[in-house]
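Dropping coords23.txt in here (compact mmCIF, C-alpha atoms):
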```
# COMPACT_ATOMS: atom_id res chain seq x y z
CA MET J 23 -179.21 23.93 114.11
CA THR J 24 -176.86 20.99 114.46
CA GLU J 25 -174.57 20.59 111.46
CA ALA J 26 -174.47 16.93 110.48
CA TRP J 27 -171.51 14.97 109.20
CA ARG J 28 -172.36 13.08 106.00
CA PRO J 29 -170.91 9.66 105.17
CA GLY J 30 -169.68 10.86 101.78
CA ASP J 31 -167.47 13.47 103.42
CA ASP J 32 -164.79 10.89 104.24
CA ASP J 33 -164.79 9.38 100.72
CA GLU J 34 -164.40 12.81 99.18
CA ARG J 35 -161.55 13.63 101.54
CA SER J 36 -159.62 10.45 100.77
CA ARG J 37 -159.95 11.09 97.02
CA ARG J 38 -158.34 14.50 97.44
CA GLY J 39 -155.32 12.94 99.14
CA ALA J 40 -152.86 14.63 101.46
CA ARG J 41 -152.82 18.42 101.74
CA ALA J 42 -150.10 20.94 102.62
CA SER J 43 -152.14 22.78 105.26
CA VAL J 44 -155.32 22.00 107.16
CA LYS J 45 -157.39 23.95 109.70
CA VAL J 46 -159.94 22.32 112.01
CA ARG J 47 -162.40 24.02 114.34
CA VAL J 48 -163.67 22.09 117.37
CA PRO J 49 -166.25 23.07 120.01
CA ALA J 50 -166.38 22.80 123.78
CA LYS J 51 -168.88 20.48 125.41
CA ILE J 52 -171.17 20.79 128.38
CA ASN J 53 -173.10 18.04 130.15
CA LEU J 54 -176.84 18.59 130.26
CA ARG J 55 -177.13 15.58 132.56
CA LEU J 56 -174.23 13.86 134.29
CA ALA J 57 -175.10 10.86 136.44
CA VAL J 58 -172.06 9.31 138.13
CA GLY J 59 -172.14 5.71 139.26
CA PRO J 60 -169.70 3.77 141.44
CA LEU J 61 -166.00 3.40 140.82
CA ARG J 62 -165.22 0.58 138.38
CA PRO J 63 -162.34 -1.92 138.63
CA ASP J 64 -160.52 -0.03 135.85
CA GLY J 65 -160.40 3.13 137.98
CA TYR J 66 -163.14 4.99 136.09
CA HIS J 67 -166.65 5.75 137.30
CA GLU J 68 -169.64 4.42 135.38
CA ILE J 69 -171.45 7.42 133.96
CA ASN J 70 -174.63 8.20 132.07
CA THR J 71 -174.47 11.62 130.48
CA VAL J 72 -176.01 13.80 127.80
CA TYR J 73 -173.29 15.69 125.98
CA HIS J 74 -174.04 18.99 124.23
CA ALA J 75 -171.56 20.79 121.94
CA ILE J 76 -171.56 24.59 122.23
CA ALA J 77 -170.22 27.37 120.02
CA LEU J 78 -167.03 28.04 121.97
CA TYR J 79 -164.18 26.92 119.75
CA ASP J 80 -160.52 26.01 119.57
CA GLU J 81 -158.78 25.92 116.19
CA LEU J 82 -155.92 23.64 115.18
CA THR J 83 -153.83 24.24 112.07
CA ALA J 84 -151.70 21.39 110.73
CA ARG J 85 -148.93 21.89 108.17
CA ARG J 86 -146.40 19.64 106.47
CA ALA J 87 -143.15 19.18 108.39
CA ASP J 88 -140.31 16.70 108.84
CA THR J 89 -140.95 16.31 112.56
CA LEU J 90 -143.87 16.65 115.01
CA ILE J 91 -144.14 19.95 116.86
CA LEU J 92 -146.92 21.83 118.68
CA THR J 93 -147.19 25.58 119.30
CA MET J 94 -150.12 27.58 120.63
CA ASP J 95 -151.63 30.95 121.48
CA GLY J 96 -154.70 32.08 123.41
CA GLU J 97 -156.13 30.51 126.58
CA GLY J 98 -153.53 28.69 128.65
CA THR J 99 -150.46 29.95 126.81
CA GLY J 100 -147.50 29.38 129.12
CA GLU J 101 -149.54 26.98 131.28
CA LEU J 102 -150.38 24.16 128.88
CA ALA J 103 -147.55 21.68 128.36
CA LEU J 104 -146.59 21.31 124.70
CA ASP J 105 -144.63 18.08 125.12
CA ASP J 106 -145.70 14.48 124.59
CA SER J 107 -148.10 14.68 127.54
CA ASN J 108 -150.33 16.97 125.47
CA LEU J 109 -153.39 15.23 124.02
CA VAL J 110 -152.86 16.89 120.63
CA LEU J 111 -149.48 15.19 120.17
CA ARG J 112 -150.74 11.93 121.67
CA ALA J 113 -153.63 11.93 119.17
CA ALA J 114 -151.32 12.64 116.23
CA ARG J 115 -148.98 9.83 117.26
CA ALA J 116 -151.85 7.40 117.77
CA LEU J 117 -153.20 8.11 114.30
CA ALA J 118 -149.75 7.83 112.71
CA ALA J 119 -149.14 4.49 114.41
CA HIS J 120 -152.55 3.20 113.32
CA ALA J 121 -152.03 4.27 109.70
CA ARG J 122 -148.33 3.38 109.66
CA VAL J 123 -147.26 6.80 108.45
CA PRO J 124 -144.59 9.13 109.90
CA ALA J 125 -145.90 11.36 112.67
CA HIS J 126 -144.70 14.52 110.95
CA ALA J 127 -146.67 17.75 111.25
CA ARG J 128 -146.34 21.31 112.48
CA LEU J 129 -149.40 21.87 114.64
CA HIS J 130 -150.56 25.25 115.93
CA LEU J 131 -153.36 25.46 118.48
CA ARG J 132 -155.41 28.62 118.95
CA LYS J 133 -157.27 28.16 122.23
CA GLN J 134 -160.44 29.81 123.45
CA ILE J 135 -161.70 26.92 125.62
CA PRO J 136 -160.29 27.35 129.16
CA LEU J 137 -157.97 24.79 130.70
CA ALA J 138 -159.33 22.39 133.32
CA GLY J 139 -162.68 24.15 133.12
CA GLY J 140 -165.10 21.24 132.74
CA LEU J 141 -165.58 22.00 129.03
CA ALA J 142 -163.36 19.19 127.66
CA GLY J 143 -160.88 21.54 126.02
CA GLY J 144 -158.10 18.97 125.97
CA SER J 145 -160.40 16.32 124.54
CA ALA J 146 -161.64 18.80 121.94
CA ASP J 147 -158.07 19.47 120.84
CA ALA J 148 -157.36 15.74 120.57
CA ALA J 149 -160.42 15.35 118.33
CA ALA J 150 -159.20 18.27 116.21
CA ALA J 151 -155.78 16.65 115.88
CA LEU J 152 -157.28 13.38 114.66
CA VAL J 153 -159.35 15.14 111.99
CA ALA J 154 -156.55 17.51 110.95
CA CYS J 155 -153.82 14.90 110.69
CA ASP J 156 -156.12 12.44 108.94
CA GLU J 157 -156.66 15.11 106.30
CA LEU J 158 -153.05 16.33 106.21
CA TRP J 159 -151.69 12.83 105.71
CA GLY J 160 -154.44 11.75 103.29
CA ILE J 161 -155.41 8.73 105.39
CA GLY J 162 -159.18 8.99 104.88
CA LEU J 163 -160.52 7.23 107.97
CA SER J 164 -164.25 7.39 108.65
CA ARG J 165 -165.56 9.18 111.73
CA ASP J 166 -166.33 5.83 113.32
CA GLU J 167 -162.76 4.67 112.73
CA LEU J 168 -161.42 7.90 114.20
CA ALA J 169 -163.76 7.44 117.17
CA GLY J 170 -162.16 4.08 117.87
CA LEU J 171 -158.80 5.81 118.24
CA ALA J 172 -160.41 8.65 120.16
CA ALA J 173 -161.75 6.33 122.87
CA GLY J 174 -158.20 5.40 123.80
CA LEU J 175 -157.26 9.05 124.30
CA GLY J 176 -160.05 10.18 126.62
CA SER J 177 -163.69 9.65 127.52
CA ASP J 178 -164.95 12.86 125.88
CA VAL J 179 -162.89 12.67 122.66
CA PRO J 180 -165.30 10.45 120.65
CA PHE J 181 -168.21 12.84 121.29
CA LEU J 182 -166.21 15.85 120.13
CA LEU J 183 -165.57 14.20 116.78
CA HIS J 184 -169.33 14.16 116.19
CA GLY J 185 -170.74 17.04 118.26
CA GLY J 186 -174.44 17.83 118.42
CA THR J 187 -176.23 16.32 121.41
CA ALA J 188 -175.53 12.73 122.37
CA LEU J 189 -175.90 10.15 125.11
CA GLY J 190 -172.63 8.96 126.63
CA THR J 191 -172.36 5.73 128.61
CA GLY J 192 -169.61 3.49 130.01
CA ARG J 193 -166.95 5.98 131.08
CA GLY J 194 -168.45 8.38 128.52
CA GLU J 195 -166.71 7.00 125.44
CA ALA J 196 -169.73 5.07 124.11
CA VAL J 197 -171.68 7.76 122.25
CA SER J 198 -175.14 7.60 120.69
CA PRO J 199 -176.66 10.66 118.96
CA VAL J 200 -179.84 12.08 120.49
CA LEU J 201 -182.53 12.25 117.84
CA ALA J 202 -184.53 15.45 118.20
CA ARG J 203 -185.72 18.20 115.91
CA PRO J 204 -183.09 20.93 115.45
CA THR J 205 -183.36 23.55 118.18
CA THR J 206 -181.08 26.42 119.18
CA TRP J 207 -180.46 26.61 122.91
CA HIS J 208 -178.96 29.80 124.38
CA TRP J 209 -176.23 29.49 127.01
CA VAL J 210 -174.05 31.79 129.10
CA VAL J 211 -170.65 30.36 130.01
CA ALA J 212 -169.01 31.81 133.15
CA VAL J 213 -165.29 31.01 133.19
CA ALA J 214 -163.59 30.91 136.58
CA ASP J 215 -160.06 31.86 137.55
CA GLY J 216 -157.99 28.70 137.58
CA GLY J 217 -159.14 25.16 136.93
CA LEU J 218 -160.14 22.05 138.84
CA SER J 219 -158.56 18.63 138.51
CA THR J 220 -161.13 16.16 137.18
CA PRO J 221 -159.74 13.20 139.22
CA GLN J 222 -159.80 15.39 142.33
CA VAL J 223 -163.46 16.30 141.75
CA TYR J 224 -164.43 12.64 141.31
CA ALA J 225 -162.51 11.75 144.47
CA GLU J 226 -164.32 14.49 146.36
CA LEU J 227 -167.67 13.13 145.17
CA ASP J 228 -166.70 9.68 146.48
CA ARG J 229 -165.74 11.24 149.81
CA LEU J 230 -169.00 13.19 150.08
CA ARG J 231 -171.05 10.11 149.27
CA ALA J 232 -169.18 8.04 151.83
CA VAL J 233 -170.17 10.46 154.60
CA GLY J 234 -173.71 11.04 153.28
CA ALA J 235 -172.98 14.65 152.31
CA ALA J 236 -173.86 14.36 148.61
CA PRO J 237 -177.44 14.09 147.31
CA ALA J 238 -178.69 11.00 145.53
CA PRO J 239 -177.53 10.57 141.92
CA VAL J 240 -179.56 12.51 139.37
CA GLY J 241 -180.49 9.25 137.68
CA PRO J 242 -180.91 8.25 134.02
CA ALA J 243 -181.52 10.87 131.36
CA ASP J 244 -185.02 9.84 130.21
CA ASP J 245 -186.71 13.04 131.41
CA LEU J 246 -183.97 15.18 129.90
CA LEU J 247 -184.28 13.48 126.52
CA ALA J 248 -188.04 14.08 126.65
CA ALA J 249 -187.39 17.74 127.50
CA LEU J 250 -185.11 18.12 124.47
CA ARG J 251 -187.86 16.78 122.24
CA GLN J 252 -190.29 19.41 123.58
CA ARG J 253 -187.93 22.19 122.43
CA ASP J 254 -188.96 24.43 125.35
CA PRO J 255 -186.09 25.95 127.39
CA HIS J 256 -188.29 26.21 130.48
CA VAL J 257 -188.89 22.45 130.36
CA LEU J 258 -185.24 21.70 129.65
CA ALA J 259 -184.18 23.85 132.61
CA GLY J 260 -186.00 21.56 135.02
CA ALA J 261 -184.27 18.46 133.70
CA LEU J 262 -180.63 19.60 133.90
CA GLY J 263 -178.43 17.96 136.53
CA ASN J 264 -174.84 17.18 137.46
CA ASP J 265 -173.75 14.72 140.16
CA LEU J 266 -170.30 16.33 140.23
CA GLN J 267 -171.65 19.76 141.17
CA PRO J 268 -171.60 19.22 144.98
CA ALA J 269 -167.99 18.06 144.75
CA ALA J 270 -166.92 21.01 142.59
CA VAL J 271 -168.65 23.43 144.97
CA SER J 272 -167.05 21.73 147.95
CA LEU J 273 -163.61 22.28 146.44
CA ARG J 274 -164.46 25.78 145.16
CA PRO J 275 -167.15 27.31 147.45
CA ALA J 276 -167.15 30.58 145.47
CA LEU J 277 -169.08 28.75 142.72
CA THR J 278 -172.21 29.07 144.84
CA ARG J 279 -172.21 32.83 144.34
CA VAL J 280 -171.67 32.45 140.60
CA LEU J 281 -174.68 30.13 140.32
CA GLU J 282 -176.86 32.36 142.50
CA THR J 283 -175.91 35.48 140.53
CA GLY J 284 -176.81 33.96 137.18
CA VAL J 285 -180.16 32.60 138.32
CA ALA J 286 -181.05 35.87 140.08
CA ALA J 287 -180.36 37.67 136.79
CA GLY J 288 -182.97 35.63 134.98
CA ALA J 289 -181.27 32.39 133.88
CA LEU J 290 -183.74 29.52 133.71
CA ALA J 291 -181.13 27.25 135.31
CA GLY J 292 -177.48 27.26 136.24
CA LEU J 293 -175.13 24.36 136.84
CA VAL J 294 -171.47 23.51 137.04
CA SER J 295 -170.21 22.20 133.71
CA GLY J 296 -168.78 18.70 134.08
CA SER J 297 -166.11 18.71 136.77
CA GLY J 298 -166.05 22.52 136.83
CA PRO J 299 -165.23 25.16 137.74
CA THR J 300 -166.94 26.68 134.68
CA CYS J 301 -170.64 27.38 135.26
CA VAL J 302 -173.23 27.43 132.48
CA PHE J 303 -176.64 29.06 132.43
CA LEU J 304 -179.60 28.29 130.19
CA ALA J 305 -181.51 31.35 128.96
CA ALA J 306 -184.89 31.61 127.31
CA ASP J 307 -183.48 33.53 124.33
CA GLY J 308 -180.53 35.62 123.18
CA ALA J 309 -181.73 38.80 124.90
CA ASP J 310 -182.10 37.05 128.26
CA ALA J 311 -178.67 35.48 127.80
CA GLN J 312 -177.17 38.95 127.36
CA THR J 313 -178.86 40.14 130.55
CA VAL J 314 -177.41 37.19 132.49
CA ALA J 315 -173.96 37.75 131.00
CA ASP J 316 -174.03 41.44 131.95
CA ALA J 317 -175.05 40.62 135.53
CA LEU J 318 -172.25 38.08 135.93
CA THR J 319 -169.73 40.56 134.55
CA ASP J 320 -170.96 43.42 136.75
CA ALA J 321 -170.87 41.23 139.86
CA GLY J 322 -167.25 40.26 139.20
CA VAL J 323 -167.89 36.64 140.13
CA CYS J 324 -166.01 35.10 137.19
CA ARG J 325 -162.99 35.81 135.00
CA THR J 326 -164.84 36.09 131.71
CA VAL J 327 -168.23 35.36 130.16
CA HIS J 328 -169.16 33.89 126.77
CA LEU J 329 -172.54 33.97 125.03
CA VAL J 330 -172.91 30.75 123.05
CA HIS J 331 -175.50 28.52 121.45
CA GLY J 332 -175.87 24.80 120.92
CA ALA J 333 -175.94 22.27 119.59
CA VAL J 334 -173.14 22.58 117.03
CA ALA J 335 -171.10 20.13 114.99
CA GLY J 336 -167.95 18.51 116.32
CA ALA J 337 -164.43 18.82 114.89
CA ARG J 338 -164.72 20.06 111.29
CA LEU J 339 -162.45 21.30 108.54
CA VAL J 340 -162.56 25.07 108.10
```
Take the structure from the file and write it as structure tokens.
Amino acid sequence: MTEAWRPGDDDERSRRGARASVKVRVPAKINLRLAVGPLRPDGYHEINTVYHAIALYDELTARRADTLILTMDGEGTGELALDDSNLVLRAARALAAHARVPAHARLHLRKQIPLAGGLAGGSADAAAALVACDELWGIGLSRDELAGLAAGLGSDVPFLLHGGTALGTGRGEAVSPVLARPTTWHWVVAVADGGLSTPQVYAELDRLRAVGAAPAPVGPADDLLAALRQRDPHVLAGALGNDLQPAAVSLRPALTRVLETGVAAGALAGLVSGSGPTCVFLAADGADAQTVADALTDAGVCRTVHLVHGAVAGARLV
């Protein structure tokens, strides 16, 4: 069941004022439908997507300090830059500038979402930083106000403040919740070795389209939204789609075997998540998801496997 944010949450938070320590948990996202349009004058592609937040989490702890510093453990330790290029620090500084408060916090990130995996881990961490620092500094912005800041940090950041299942348009930053009865969907997440550069994947899609080597765009999400309302995983499986998948597979041909292995093991559908190289598989129920996960592990086609469910809430205080 999707956990909903309530408008009163922000008022209650601002009444409590600043705190000495705050912990925020934030989920990964997958794209149930990702339709990619042409390149826009601003350098982004026009997209129409259905975001879905899944129970694979990063955690960010924020504590009082007299400077701004970021440390981490877990996925990507030693690989992820912890300087001002990191979205966590950029989010904290953006919030501080907006609220006209000192950007002072000791931030510690515990990562489970893989880097450059098509699961929006960096965007998730930026959303967590906005929520954590807003609480730590006692600013008390609403989710909509935080989303305004989030849109300047990355296309996926506004969605990860809210979570659930939502329609994303523009470059993905314009988010509208999908209204459907609460349903638990079972997913298997197959994490690859190494990541893929999102700009490189988009560029490869443009190249494939220019030479007629990419299929037609998957189109608007109307059939997928109808499938969500039916609450039947078999129906949903037929509506999933990702325009970036041919480009990700072109850059990482081994993904074909991952997708084939998961479907052969009983997944209702498999697709590359976002820009990849993570692959996700929809299962009929938890038992089938375990069977798919075991097959992927036994075949050795991915680095690690996670059993998750969706949809879940976005960045939330723990």
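The smallest atom-to-atom distance between Ala235 of chain J and any of J:Ser272, J:Val302, J:Asp105, J:Pro221, using only C-alpha atoms, is found for J:Ser272.
For the atom pair formed by atom CA of Ala291 of chain J and atom CA of Gln222 of chain J, the distance is 25.4 Å, given to one decimal.
Nearest to Val327 of chain J of all the residues J:Leu266, J:Leu90, J:Ala212, J:Leu152 is J:Ala212, based on all atoms listed in the file.
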inquiry  = At a cut-off of 12 Å, using all atoms listed in the file, what residues contact Ala248 of chain J? Leave out same-chain residues fewer than 3 positions from it and give the result as a ChimeraX atom specification.
reply    = /J:200-203,242-245,251-254,257-258,260-262
task = Take the point (-167.9, 13.9, 121.6) in the file's coordinates, draw a sphere of radius 10 Å around it, and report as number ranges by chain every protein, DNA or RNA residue with an atom inside or on it, counting only C-alpha atoms.
result = J: 49-51, 73-75, 142, 145-146, 149, 169, 172-173, 177-190, 194-199, 335-337
key: 9 Å contact set for segment 93-102 of chain J, all atoms listed in the file, chain neighbours under 3 positions out, as a list in words   = Leu82, Asn108, Arg128, Leu129, His130, Leu131, Arg132, Lys133, Gln134, Ile135, Pro136 and Leu137 of chain J
task = Could you check how far atom CA of Asp215 of chain J sits from atom CA of Ala270 of chain J, in Å to one decimal?
result = 13.8 Å
So that all listed atoms of segment 142-155 of chain J fit with 6 Å spare on each side, what axis-aligned box centre and edge lengths in Å, to one decimal, would you give as AutoDock Vina command-line options?
```
--center_x -158.6 --center_y 17.5 --center_z 119.2 --size_x 21.5 --size_y 20.2 --size_z 29.0
```
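Remark: residues at most 9 Å from position (-155.3, 20.2, 107.9) in file coordinates are Ala40, Arg41, Ala42, Ser43, Val44, Lys45, Val46, Leu82, Thr83, Ala84, Arg85, Ala151, Val153, Ala154, Cys155, Asp156, Glu157, Leu158, Trp159, Leu339 and Val340 of chain J, using all atoms listed in the file.
Minimum distance to Ala236 of chain J across J:Gln267, J:Ser219, J:Thr326, J:Thr206 (counting all atoms listed in the file) occurs at J:Gln267.
Within the 12 Å cut-off around Ala309 of chain J, using all atoms listed in the file and omitting residues fewer than 4 positions from it on the same chain, the listed residues are His208, Trp209, Val210, Gly288, Ala289, Leu304, Ala305, Thr313, Val314, Ala315, Asp316 and Leu329 of chain J.
Distances to Gly292 of chain J were evaluated for J:Thr71, J:Thr319, J:Thr205, J:Asn53 using only C-alpha atoms, and the minimum falls at J:Asn53.
Separating atom CA of Pro124 of chain J from atom CA of Tyr79 of chain J is a distance of 28.2 Å.
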Residue among J:Ala321, J:Leu246, J:Val48, J:Leu281 lying closest to Thr300 of chain J, counting only C-alpha atoms = J:Leu281
message = Counting only C-alpha atoms, which residue out of J:Thr89, J:Ser297, J:Thr220, J:Asn264 sits closest to Gly241 of chain J?
response = J:Asn264
Got a minute to add N, CA and C atoms to segment 175-192 of chain J and dump it as a compact mmCIF listing (two decimals), in the frame of the given file?
```txt
# COMPACT_ATOMS: atom_id res chain seq x y z
N LEU J 175 -157.90 7.80 123.89
CA LEU J 175 -157.26 9.05 124.30
C LEU J 175 -157.98 9.72 125.47
N GLY J 176 -159.30 9.54 125.55
CA GLY J 176 -160.05 10.18 126.62
C GLY J 176 -161.53 9.95 126.44
N SER J 177 -162.27 9.99 127.54
CA SER J 177 -163.69 9.65 127.52
C SER J 177 -164.51 10.59 126.66
N ASP J 178 -164.15 11.88 126.60
CA ASP J 178 -164.95 12.86 125.88
C ASP J 178 -164.55 13.00 124.41
N VAL J 179 -163.41 12.43 124.01
CA VAL J 179 -162.89 12.67 122.66
C VAL J 179 -163.83 12.13 121.57
N PRO J 180 -164.40 10.92 121.71
CA PRO J 180 -165.30 10.45 120.65
C PRO J 180 -166.48 11.38 120.41
N PHE J 181 -167.08 11.92 121.49
CA PHE J 181 -168.21 12.84 121.29
C PHE J 181 -167.79 14.07 120.50
N LEU J 182 -166.61 14.60 120.77
CA LEU J 182 -166.21 15.85 120.13
C LEU J 182 -165.82 15.68 118.67
N LEU J 183 -165.68 14.45 118.22
CA LEU J 183 -165.57 14.20 116.78
C LEU J 183 -166.92 14.42 116.09
N HIS J 184 -168.00 14.10 116.78
CA HIS J 184 -169.33 14.16 116.19
C HIS J 184 -170.07 15.45 116.55
N GLY J 185 -170.03 15.85 117.83
CA GLY J 185 -170.74 17.04 118.26
C GLY J 185 -172.23 16.82 118.36
N GLY J 186 -173.00 17.91 118.27
CA GLY J 186 -174.44 17.83 118.42
C GLY J 186 -174.82 17.59 119.87
N THR J 187 -175.82 16.75 120.08
CA THR J 187 -176.23 16.32 121.41
C THR J 187 -176.25 14.80 121.39
N ALA J 188 -175.66 14.18 122.40
CA ALA J 188 -175.53 12.73 122.37
C ALA J 188 -175.52 12.15 123.77
N LEU J 189 -175.94 10.89 123.85
CA LEU J 189 -175.90 10.15 125.11
C LEU J 189 -174.56 9.46 125.23
N GLY J 190 -173.90 9.62 126.38
CA GLY J 190 -172.63 8.96 126.63
C GLY J 190 -172.78 7.97 127.77
N THR J 191 -172.29 6.75 127.58
CA THR J 191 -172.36 5.73 128.61
C THR J 191 -170.98 5.09 128.79
N GLY J 192 -170.91 4.07 129.66
CA GLY J 192 -169.61 3.49 130.01
C GLY J 192 -168.87 4.50 130.87
```
